[in-house]
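Peer 1: There's a structure below that I have some questions on.
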Protein chains: 2
Amino acid sequence: MPETLYRQVAAALRAQITGGILRPGAQLPSEPELEKTFRVSRNTVRLALASLANEGLVEARQGRGTFVRERTPFLVLASAEEGAADKSDRDAFNAAVLTAGRNPDQSGFRMEVRTASSEVAARLQLDEGTLVVVRSLLRLIDGRPWSIQESFYPMDIAEGTALMSPVDIPYGTISEMARRGHVQAGYRDEVLSRMPTQTEAVQLSLGPGVPVLEMFRIAYSVERPIRLTMNVYAGDSTQLAYEIGDVSAFHVDP
Amino acid sequence: MPETLYRQVAAALRAQITGGILRPGAQLPSEPELEKTFRVSRNTVRLALASLANEGLVEARQGRGTFVRERTPFLVLASAEEGAADKSDRDAFNAAVLTAGRNPDQSGFRMEVRTASSEVAARLQLDEGTLVVVRSLLRLIDGRPWSIQESFYPMDIAEGTALMSPVDIPYGTISEMARRGHVQAGYRDEVLSRMPTQTEAVQLSLGPGVPVLEMFRIAYSVERPIRLTMNVYAGDSTQLAYEIGDVSAFHVDP
DNA sequence: CAGTGGTCTAGACCACTGC
DNA sequence: CAGTGGTCTAGACCACTGA
């Protein structure tokens, strides 16, 4: 790794951040100040700041300054048995966020009918191009966008049910499917980390250097996939937890 | 979102990539060529390329050119009951990678004794500063680094066992703990997405725009935490899967 | 060796913030 | 209004790759 100028500047600032001299929320020296301090041109200063921004360490705010990023992750227990509880997704989300002492909200609910892309078709074990019902929304915590959720239902399951309604279902879509004979027996989650698309970055208002955590949840009855949910979470404020087997020893609080 | 020059250049290239005109592995036009095509200065071209790189779309190679990034994710079933099988972690990893038709390897095995950081102490329900045994290694797939793994054991559990040996344990650390009376009953995984530290980026040879997927796995006996494993996976080549409840309908292959 | 990306400078003007 | 970061240019030299 060459000791180039902008790397030295970046390293010096990084050390101050990880060393605790510059705490989360603190403002960095302005670009002209850094020029003088390190005796480099403005572009070099900006190269250094850009690399810190892309590491997720700092965040520049137009006309105000550059600041050390703050993180307030929200932890979701993703392995809770949803089928059992007679609650809607929304209720479960609201309860979890409120328990953490924070403020849940949601917006932008939409219902559409689309043809299944190859990704969706494969996971729902349908043919590509088959009709699917898509129900999507944006979740917020403390007024800031937190996750994009899109749920896909095979048309033959959704047809003639409340799933086709363009509004939220108060008692939950899982209950609605269950009363039509599609009882959820289990689910499979696939979790991955990537950088957001442009669209996602705007919807979740993510700055550069913030990845997303993407989760595909495929719900199964004993016979077939009955739902696919795609969640895209803001990476700087999300943590998913899974509990497998007996973890009663976790829940002791000393 | 302002229609600045470098954004226009980035958008044009992004469209060619997502539209399939520039396929994974393909080389982009060189910087001088892009200057002429878009009639902008070189710095503007580089701003555009940098933003694509930080989205994880392209990758610049010194002296060779800029290329569309290729992804070959490897999927891990993280909810498999490890306690039951009489296999070591290594065997499980090797088997999984080989099944996928790829080539597993590992290197850099190390055993150390450290004092527990606050993060480690909290998860193992120990006091900060308590002694812990750390066993760490680097896993590779097809010769490329894939994950960093560090396992932490409370000293009172590790003392006088094979866990203190500075080499890999062929029959697995879980079996070793079990025969000492610490039987794994379950575990809790915490999964998150973030940008790599400098060290991690080097160890996993991650370019800019590649996040990591971090997983904390806390293994419990019926009484207490017995192990903490921290995994840091290269985000562009990892997918974790969890199966909860009955997902037998997933395993049908039509 | 020519062509590629990597680093760096000096200077210009703009857009946004908050006093 | 002064101070901040955002965009853009023109030109220079360096380091690496592969023929």
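Within each chain, counting starts at residue 1; across the structure tokens, chains are named A, B, ... in the order shown, with ligands numbered 1 upward in that order.
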Name the residues in contact with segment 6-10 of chain C at a cut-off of 10 Å, using only C-alpha atoms (C1' of nucleotides), excluding same-chain residues fewer than 2 positions from it; report them as a PyMOL selection string.
Peer 2: (chain A and resi 4-6+40-44+47) or (chain B and resi 62-63) or (chain C and resi 12) or (chain D and resi 10-16)
Peer 1: I need the contact residues of chain D against chain A, so if you could list those with any atom within 10 Å, counting only C-alpha atoms (C1' of nucleotides), and return them as a ChimeraX atom specification, that would help.
Peer 2: /D:3-6
Peer 1: Find the residues in chain B near chain A: any atom within 8 Å counts, using only C-alpha atoms. Write them as JSON, numbers by chain.
Peer 2: {"B": [54, 55, 56, 79, 81, 185, 186, 187, 188, 189, 190, 191, 192, 193, 194, 195, 196, 197, 208, 209, 210, 211, 212, 213, 220, 221, 222, 223, 224, 225, 235, 236, 238, 239, 240, 241, 242, 243, 244, 245, 246, 247, 248, 249, 250]}
Peer 1: I'd like the interatomic distance between atom CA of Thr72 of chain B and atom CA of Leu52 of chain B, to a tenth of an Å.
Peer 2: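 Between these atoms lies a distance of 19.1 Å.
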Peer 1: Identify all chain C residues at most 8 Å from chain B by counting only C-alpha atoms (C1' of nucleotides); ligands do not count. Present them as a ChimeraX atom specification.
Peer 2: /C:3-6
Peer 1: Residues of the last selection are to be written out with C-alpha atoms (C1' of nucleotides), as a compact mmCIF listing (two decimals), in the first residue's frame.
Peer 2:
# COMPACT_ATOMS: atom_id res chain seq x y z
C1' DG C 3 -1.53 2.85 -23.29
C1' DT C 4 -3.77 2.37 -19.08
C1' DG C 5 -5.23 4.08 -14.52
C1' DG C 6 -3.23 6.72 -10.01
Peer 1: Which of segment 54-115 of chain B end up as alpha helix (DSSP H) when DSSP is run on this backbone - answer as a PyMOL selection string?
Peer 2: chain B and resi 54+89-99
Peer 1: Could you find all residues in segment 11-84 of chain B that DSSP calls strand (DSSP E or B) from the backbone, and write them as a ChimeraX atom specification?
Peer 2: /B:27,58-61,65-68,74-77
Peer 1: Determine the nearest neighbour of Phe38 of chain B from the options B:Leu13, B:Ile141, B:Ile169, B:Leu22, counting only C-alpha atoms.
Peer 2: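 Looking only at the distances to Phe38 of chain B, the closest residue turns out to be B:Leu13.
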Peer 1: Using atom CA of Val97 of chain B and atom CA of Thr229 of chain A as the two end points, give the distance in Å to one decimal.
Peer 2: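 So the answer is 27.2 Å.
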